[in-house]
$ cat data07.csv   # CSV, C-alpha atoms
chain,number,residue,atom,x,y,z
A,1,MET,CA,135.8,138.3,133.9
A,2,ALA,CA,139.1,136.5,134.1
A,3,ARG,CA,137.8,134.4,137.0
A,4,ALA,CA,134.7,133.7,135.0
A,5,ALA,CA,136.6,132.6,132.0
A,6,ASN,CA,138.8,130.3,134.0
A,7,ARG,CA,135.9,128.8,135.8
A,8,LYS,CA,134.0,128.1,132.6
A,9,ALA,CA,137.0,126.7,130.9
A,10,PHE,CA,137.7,124.5,133.9
A,11,ARG,CA,134.2,123.0,134.1
A,12,SER,CA,132.2,123.9,131.0
A,13,GLU,CA,128.5,122.9,130.6
A,14,HIS,CA,128.0,122.5,134.3
A,15,SER,CA,124.6,124.3,134.3
A,16,LYS,CA,122.7,121.0,133.9
A,17,ALA,CA,125.0,119.0,136.2
A,18,SER,CA,126.0,116.8,133.3
A,19,MET,CA,128.5,114.0,133.9
A,20,LEU,CA,129.5,110.9,131.9
A,21,LEU,CA,131.0,108.1,134.1
A,22,LEU,CA,132.6,104.9,133.0
A,23,ASP,CA,131.8,102.0,135.2
A,24,ALA,CA,134.7,99.7,134.3
A,25,ARG,CA,133.4,96.8,136.3
A,26,VAL,CA,130.2,96.2,134.3
A,27,GLY,CA,131.2,98.0,131.1
A,28,LYS,CA,128.3,100.5,131.3
A,29,TYR,CA,128.2,104.2,130.6
A,30,HIS,CA,126.0,106.3,132.9
A,31,ALA,CA,125.1,109.8,131.7
A,32,LYS,CA,123.5,112.0,134.3
A,33,ARG,CA,121.8,115.3,133.4
A,34,GLY,CA,119.7,117.5,135.7
A,35,SER,CA,116.2,117.8,134.2
A,36,GLN,CA,112.8,116.3,134.9
A,37,GLY,CA,113.4,113.1,136.8
A,38,LYS,CA,112.9,110.7,133.8
A,39,GLU,CA,114.9,107.6,133.1
A,40,ALA,CA,115.8,105.8,129.9
A,41,ALA,CA,118.1,102.9,128.9
A,42,MET,CA,119.7,102.1,125.6
A,43,THR,CA,121.6,99.0,124.5
A,44,THR,CA,123.9,98.4,121.6
A,45,ALA,CA,122.2,97.7,118.3
A,46,LYS,CA,122.8,93.9,118.1
A,47,SER,CA,120.3,91.2,117.5
A,48,SER,CA,119.6,88.8,120.4
A,49,ASP,CA,121.4,85.9,118.6
A,50,THR,CA,124.6,87.8,118.0
A,51,PRO,CA,127.5,86.0,119.8
A,52,VAL,CA,129.5,88.2,122.1
A,53,LEU,CA,132.6,87.5,124.3
A,54,ARG,CA,131.5,89.9,127.0
A,55,THR,CA,128.5,91.8,128.3
A,56,PRO,CA,127.6,94.4,125.5
A,57,ASP,CA,128.1,98.1,126.3
A,58,THR,CA,124.9,99.9,127.4
A,59,LEU,CA,124.0,103.5,127.7
A,60,GLU,CA,121.9,104.1,130.8
A,61,ILE,CA,120.5,107.6,131.2
A,62,LYS,CA,119.3,108.7,134.6
A,63,VAL,CA,117.8,112.2,134.9
A,64,ALA,CA,117.3,114.1,138.2
A,65,GLU,CA,116.5,117.7,139.0
A,66,HIS,CA,119.7,118.0,141.0
A,67,PRO,CA,122.2,115.7,142.7
A,68,PHE,CA,121.8,116.9,146.3
A,69,LEU,CA,119.8,115.3,149.1
A,70,PHE,CA,119.4,118.1,151.7
A,71,ARG,CA,118.7,115.6,154.4
A,72,GLY,CA,119.9,118.0,157.1
A,73,SER,CA,118.1,121.1,155.9
A,74,ARG,CA,114.4,121.8,156.0
A,75,ASN,CA,114.8,125.3,154.6
A,76,LYS,CA,113.5,124.8,151.1
A,77,GLU,CA,114.2,128.4,150.1
A,78,VAL,CA,117.9,128.2,150.8
A,79,ASN,CA,118.1,124.7,149.3
A,80,SER,CA,116.6,126.1,146.1
A,81,LEU,CA,119.0,129.0,146.1
A,82,ILE,CA,121.9,126.6,146.4
A,83,VAL,CA,120.7,124.5,143.4
A,84,GLU,CA,120.1,127.7,141.4
A,85,ALA,CA,123.7,128.9,142.1
A,86,VAL,CA,125.2,125.5,141.1
A,87,ASN,CA,123.2,125.4,137.9
A,88,ARG,CA,124.2,128.9,137.0
A,89,MET,CA,127.8,128.2,137.7
A,90,GLY,CA,128.6,126.9,134.2
A,91,GLY,CA,125.9,128.8,132.3
A,92,VAL,CA,126.6,130.1,128.8
A,93,GLY,CA,125.4,133.2,127.0
A,94,ASP,CA,125.9,136.9,127.2
A,95,ASP,CA,124.2,137.3,130.6
A,96,ALA,CA,125.4,134.0,132.1
A,97,GLU,CA,127.9,135.6,134.4
A,98,GLU,CA,125.4,138.2,135.6
A,99,LYS,CA,122.8,135.5,136.4
A,100,TYR,CA,125.4,133.6,138.3
A,101,ARG,CA,126.5,136.6,140.3
A,102,ARG,CA,122.8,137.4,141.2
A,103,ALA,CA,122.4,133.8,142.4
A,104,LEU,CA,125.5,134.2,144.6
A,105,GLU,CA,124.2,137.5,146.0
A,106,ALA,CA,121.0,135.8,147.0
A,107,LEU,CA,123.0,133.2,148.9
A,108,LYS,CA,125.2,135.6,150.8
A,109,SER,CA,122.4,136.8,153.0
A,110,HIS,CA,122.1,133.2,154.3
A,111,ALA,CA,125.9,132.6,154.2
A,112,GLY,CA,126.2,130.9,157.6
A,113,GLU,CA,123.4,128.5,156.9
A,114,VAL,CA,124.5,127.9,153.4
A,115,ILE,CA,128.0,126.9,154.5
A,116,ASP,CA,126.6,124.3,156.9
A,117,ILE,CA,124.3,122.9,154.3
A,118,VAL,CA,127.0,122.7,151.6
A,119,ALA,CA,129.4,121.1,154.0
A,120,ALA,CA,126.9,118.4,154.8
A,121,GLU,CA,126.1,117.8,151.2
A,122,TYR,CA,129.8,117.5,150.3
A,123,GLU,CA,130.2,114.9,153.0
A,124,SER,CA,127.2,112.9,151.8
A,125,LEU,CA,128.0,112.8,148.1
A,126,PRO,CA,129.6,109.6,146.9
A,127,GLU,CA,133.4,109.8,146.3
A,128,GLU,CA,133.1,109.3,142.5
A,129,ARG,CA,130.7,112.3,142.1
A,130,TYR,CA,133.7,114.5,141.4
A,131,LEU,CA,131.9,117.2,139.4
A,132,ASP,CA,129.2,117.7,142.0
A,133,ARG,CA,131.7,117.8,144.8
A,134,TRP,CA,133.8,120.3,143.0
A,135,SER,CA,130.8,122.5,142.4
A,136,LEU,CA,130.1,122.7,146.1
A,137,VAL,CA,133.7,123.6,146.9
A,138,GLN,CA,133.6,126.3,144.2
A,139,LEU,CA,130.5,127.7,145.7
A,140,LEU,CA,132.1,127.9,149.2
A,141,SER,CA,135.1,129.6,147.5
A,142,GLU,CA,132.9,132.2,145.8
A,143,LEU,CA,130.8,133.0,148.9
A,144,ARG,CA,134.0,134.5,150.5
A,145,ASP,CA,132.6,134.0,154.0
A,146,PRO,CA,135.1,133.5,156.9
A,147,LYS,CA,133.0,130.7,158.3
A,148,ALA,CA,134.1,128.6,155.3
A,149,VAL,CA,137.7,128.5,156.4
A,150,LYS,CA,137.2,125.4,158.6
A,151,VAL,CA,135.3,123.5,155.9
A,152,LEU,CA,137.8,124.4,153.1
A,153,ASN,CA,140.8,123.6,155.4
A,154,GLY,CA,139.2,120.1,156.2
A,155,ILE,CA,138.8,119.4,152.4
A,156,ILE,CA,142.4,120.3,151.6
A,157,ALA,CA,143.7,118.2,154.5
A,158,SER,CA,141.6,115.2,153.7
A,159,LYS,CA,143.5,112.1,152.4
A,160,ILE,CA,143.4,111.6,148.6
A,161,PRO,CA,142.1,108.0,147.8
A,162,PRO,CA,144.2,105.7,145.7
A,163,GLU,CA,143.8,105.9,141.9
A,164,LYS,CA,140.6,104.2,140.7
A,165,PHE,CA,141.4,104.2,137.0
A,166,LYS,CA,144.9,102.8,136.7
A,167,GLU,CA,144.3,101.5,133.2
A,168,SER,CA,142.8,104.7,131.8
A,169,HIS,CA,144.9,107.0,129.6
A,170,ASP,CA,142.5,110.0,129.8
A,171,PHE,CA,140.9,110.0,133.2
A,172,SER,CA,142.4,110.0,136.7
A,173,SER,CA,140.5,109.9,140.0
A,174,VAL,CA,143.6,111.3,141.8
A,175,THR,CA,143.6,114.3,139.4
A,176,GLU,CA,140.0,115.0,140.1
A,177,GLU,CA,140.6,114.9,143.9
A,178,VAL,CA,143.6,117.3,143.5
A,179,ILE,CA,141.4,119.7,141.5
A,180,ILE,CA,138.8,119.7,144.3
A,181,ARG,CA,141.5,120.5,146.9
A,182,THR,CA,143.2,123.2,144.9
A,183,THR,CA,139.8,124.8,144.4
A,184,ALA,CA,139.5,124.9,148.1
A,185,VAL,CA,143.0,126.5,148.3
A,186,ASP,CA,141.7,129.2,146.0
A,187,GLY,CA,138.8,129.7,148.4
A,188,LEU,CA,141.3,130.3,151.2
A,189,ALA,CA,143.3,132.7,149.1
A,190,LYS,CA,140.1,134.7,148.4
A,191,LEU,CA,139.5,134.9,152.2
A,192,SER,CA,143.1,135.8,152.8
A,193,ALA,CA,142.7,138.7,150.4
A,194,ASN,CA,139.8,139.9,152.5
A,195,GLY,CA,142.0,140.0,155.5
A,196,VAL,CA,141.0,136.7,157.2
A,197,GLU,CA,144.0,135.8,159.3
A,198,GLU,CA,142.8,132.2,159.8
A,199,ALA,CA,142.9,131.7,156.0
A,200,ARG,CA,146.4,133.0,155.8
A,201,ARG,CA,147.6,130.7,158.5
A,202,ALA,CA,145.9,127.8,156.7
A,203,LEU,CA,147.7,128.7,153.4
A,204,LEU,CA,151.0,128.7,155.2
A,205,ARG,CA,150.3,125.3,156.7
A,206,HIS,CA,149.3,123.8,153.4
A,207,SER,CA,152.4,125.1,151.7
A,208,GLY,CA,154.0,122.1,153.3
A,209,SER,CA,151.5,119.6,151.8
A,210,ARG,CA,152.8,116.3,150.5
A,211,VAL,CA,150.9,117.0,147.2
A,212,PHE,CA,152.8,119.3,144.9
A,213,SER,CA,149.8,121.0,143.3
A,214,ILE,CA,148.4,121.9,146.8
A,215,ARG,CA,151.8,123.2,147.8
A,216,ARG,CA,152.1,125.3,144.7
A,217,ALA,CA,148.6,126.7,145.0
A,218,SER,CA,149.1,127.5,148.7
A,219,VAL,CA,152.4,129.3,148.0
A,220,GLN,CA,150.8,131.3,145.2
A,221,GLY,CA,147.8,132.2,147.2
A,222,LEU,CA,149.9,133.4,150.2
A,223,MET,CA,152.4,135.3,148.1
A,224,GLU,CA,149.5,137.2,146.4
A,225,THR,CA,147.4,137.9,149.5
A,226,GLY,CA,149.6,137.5,152.6
A,227,THR,CA,151.2,140.2,154.7
A,228,ASP,CA,154.9,140.9,154.6
A,229,GLU,CA,155.4,138.9,157.7
A,230,ASP,CA,153.5,135.9,156.2
A,231,LYS,CA,155.7,136.1,153.0
A,232,LYS,CA,158.9,136.2,155.1
A,233,GLU,CA,157.8,133.2,157.1
A,234,LEU,CA,156.9,131.4,153.9
A,235,ARG,CA,160.2,132.1,152.3
A,236,THR,CA,162.1,130.8,155.4
A,237,LYS,CA,160.0,127.7,155.4
A,238,LEU,CA,160.6,127.0,151.7
A,239,LYS,CA,164.3,127.7,151.9
A,240,ALA,CA,164.6,125.2,154.7
A,241,LYS,CA,163.0,122.5,152.5
A,242,GLY,CA,164.8,123.5,149.4
A,243,GLU,CA,161.6,124.5,147.6
A,244,GLU,CA,162.3,128.1,146.8
A,245,ARG,CA,161.5,127.3,143.2
A,246,LEU,CA,157.8,127.5,144.1
A,247,LEU,CA,158.2,131.2,144.6
A,248,LYS,CA,159.0,131.6,140.9
A,249,ILE,CA,155.7,130.2,139.7
A,250,ARG,CA,153.2,132.9,138.8
A,251,ARG,CA,149.5,132.8,138.0
A,252,VAL,CA,148.9,134.3,134.5
A,253,ASP,CA,145.6,135.3,132.9
A,254,VAL,CA,145.0,133.0,129.9
A,255,ARG,CA,144.3,136.0,127.8
A,256,GLN,CA,147.9,137.3,128.4
A,257,VAL,CA,149.6,134.2,127.2
A,258,PRO,CA,150.9,134.3,123.6
A,259,GLN,CA,148.6,132.2,121.5
A,260,ALA,CA,149.5,130.0,118.5
A,261,THR,CA,148.1,131.3,115.2
A,262,GLY,CA,147.4,129.7,111.9
A,263,GLY,CA,144.9,127.5,110.1
A,264,ARG,CA,145.8,123.8,109.8
A,265,PHE,CA,149.4,124.5,110.8
A,266,VAL,CA,150.9,126.6,113.6
A,267,VAL,CA,152.4,129.8,112.4
A,268,PRO,CA,155.2,131.7,114.2
A,269,PRO,CA,154.1,135.2,115.4
A,270,ASP,CA,156.6,136.9,113.1
A,271,LEU,CA,155.2,135.3,109.9
A,272,LYS,CA,152.2,136.6,108.0
A,273,ALA,CA,151.5,133.7,105.6
A,274,GLU,CA,150.4,130.3,106.7
A,275,VAL,CA,153.1,127.7,106.8
A,276,PRO,CA,152.8,125.3,103.8
A,277,PRO,CA,152.0,121.7,104.4
A,278,HIS,CA,154.7,119.2,105.0
A,279,ASN,CA,156.4,117.6,102.0
A,280,LEU,CA,155.6,113.9,102.4
A,281,GLY,CA,157.9,112.9,99.6
A,282,ARG,CA,155.5,113.5,96.8
A,283,GLU,CA,157.1,115.6,94.1
A,284,GLU,CA,155.2,117.7,91.6
A,285,ARG,CA,155.0,116.1,88.2

$ encode --input "data07.csv" --output "structure tokens"
Amino acid sequence: MARAANRKAFRSEHSKASMLLLDARVGKYHAKRGSQGKEAAMTTAKSSDTPVLRTPDTLEIKVAEHPFLFRGSRNKEVNSLIVEAVNRMGGVGDDAEEKYRRALEALKSHAGEVIDIVAAEYESLPEERYLDRWSLVQLLSELRDPKAVKVLNGIIASKIPPEKFKESHDFSSVTEEVIIRTTAVDGLAKLSANGVEEARRALLRHSGSRVFSIRRASVQGLMETGTDEDKKELRTKLKAKGEERLLKIRRVDVRQVPQATGGRFVVPPDLKAEVPPHNLGREER
């Protein structure tokens, strides 16, 4: 349940493959949602003779059943199972997790073929399709098949492109790329926990990544799943680089973290009543 909660919090409302992208070059918003293949376009409510200094914002909606091409796969059954699993990944409702688990189980009997298809789809997706790319990596992680080590390792080792949204205050393409790669690290950790030696060696290798988040995730994964020998080798490696601090970082279930309480104002845990509003200089008359 903890893994499910973290996955849903991380990428909520993924079941319809929804994504809102800002195309900064032309000032357009593109909303994409998996459905029935319809298209619609909306423009701002301005009359044709209203003077503007730039191209008006437009909302362009493109709808598709799913974002994948499956050019390299003729197995329609497996293709459909992949789409089903991705759509169930961010489902909501009391039985959402059970439906997702059933979709995963259906894929596991075709695991070898699924990994090849998913790897090909990942490579064919445009770089800016971060959510779709992440969903495929998450699927590889959840399958827990040793064959996925090579694919996950390649994703982690791939170069992160330069930031595309330098002027944005709330979106970063580099952050999205890092999230994709740390999800792949989590996949290696799952395989390491299942005793896959190749996955453990990959985690040790990526503990030396130039990207801090990848190093941190790799260290955590190996410390949680590696053998005593692996951990000893990791400690030696970190000590030589002066990065023993990474050993102190621990993964914590969000439900175990003390939560702030209160209504409009945060209340310390030892207080029962809500903190009164701030005095803004207005005195009672």

$ atom_distance --input "data07.csv" --atom1 "CA of Leu203 in chain A" --atom2 "CA of Trp134 in chain A"
19.3 Å

$ closest_residue --input "data07.csv" --among "A:Val137, A:Ala119, A:Leu143, A:Ile155" --to "Ala106 in chain A" --atoms "all atoms listed in the file"
A:Leu143

$ residues_around --input "data07.csv" --residues "Arg101 in chain A" --least-positions-apart "2" --cutoff "12 Å" --atoms "only C-alpha atoms" --output "MDAnalysis selection string"
chainID A and resid 1 3:4 84:91 95:99 103:108 139 142:143

$ closest_residue --input "data07.csv" --among "A:Leu125, A:Ile179, A:Leu191, A:Met223" --to "Ser207 in chain A" --atoms "only C-alpha atoms"
A:Met223
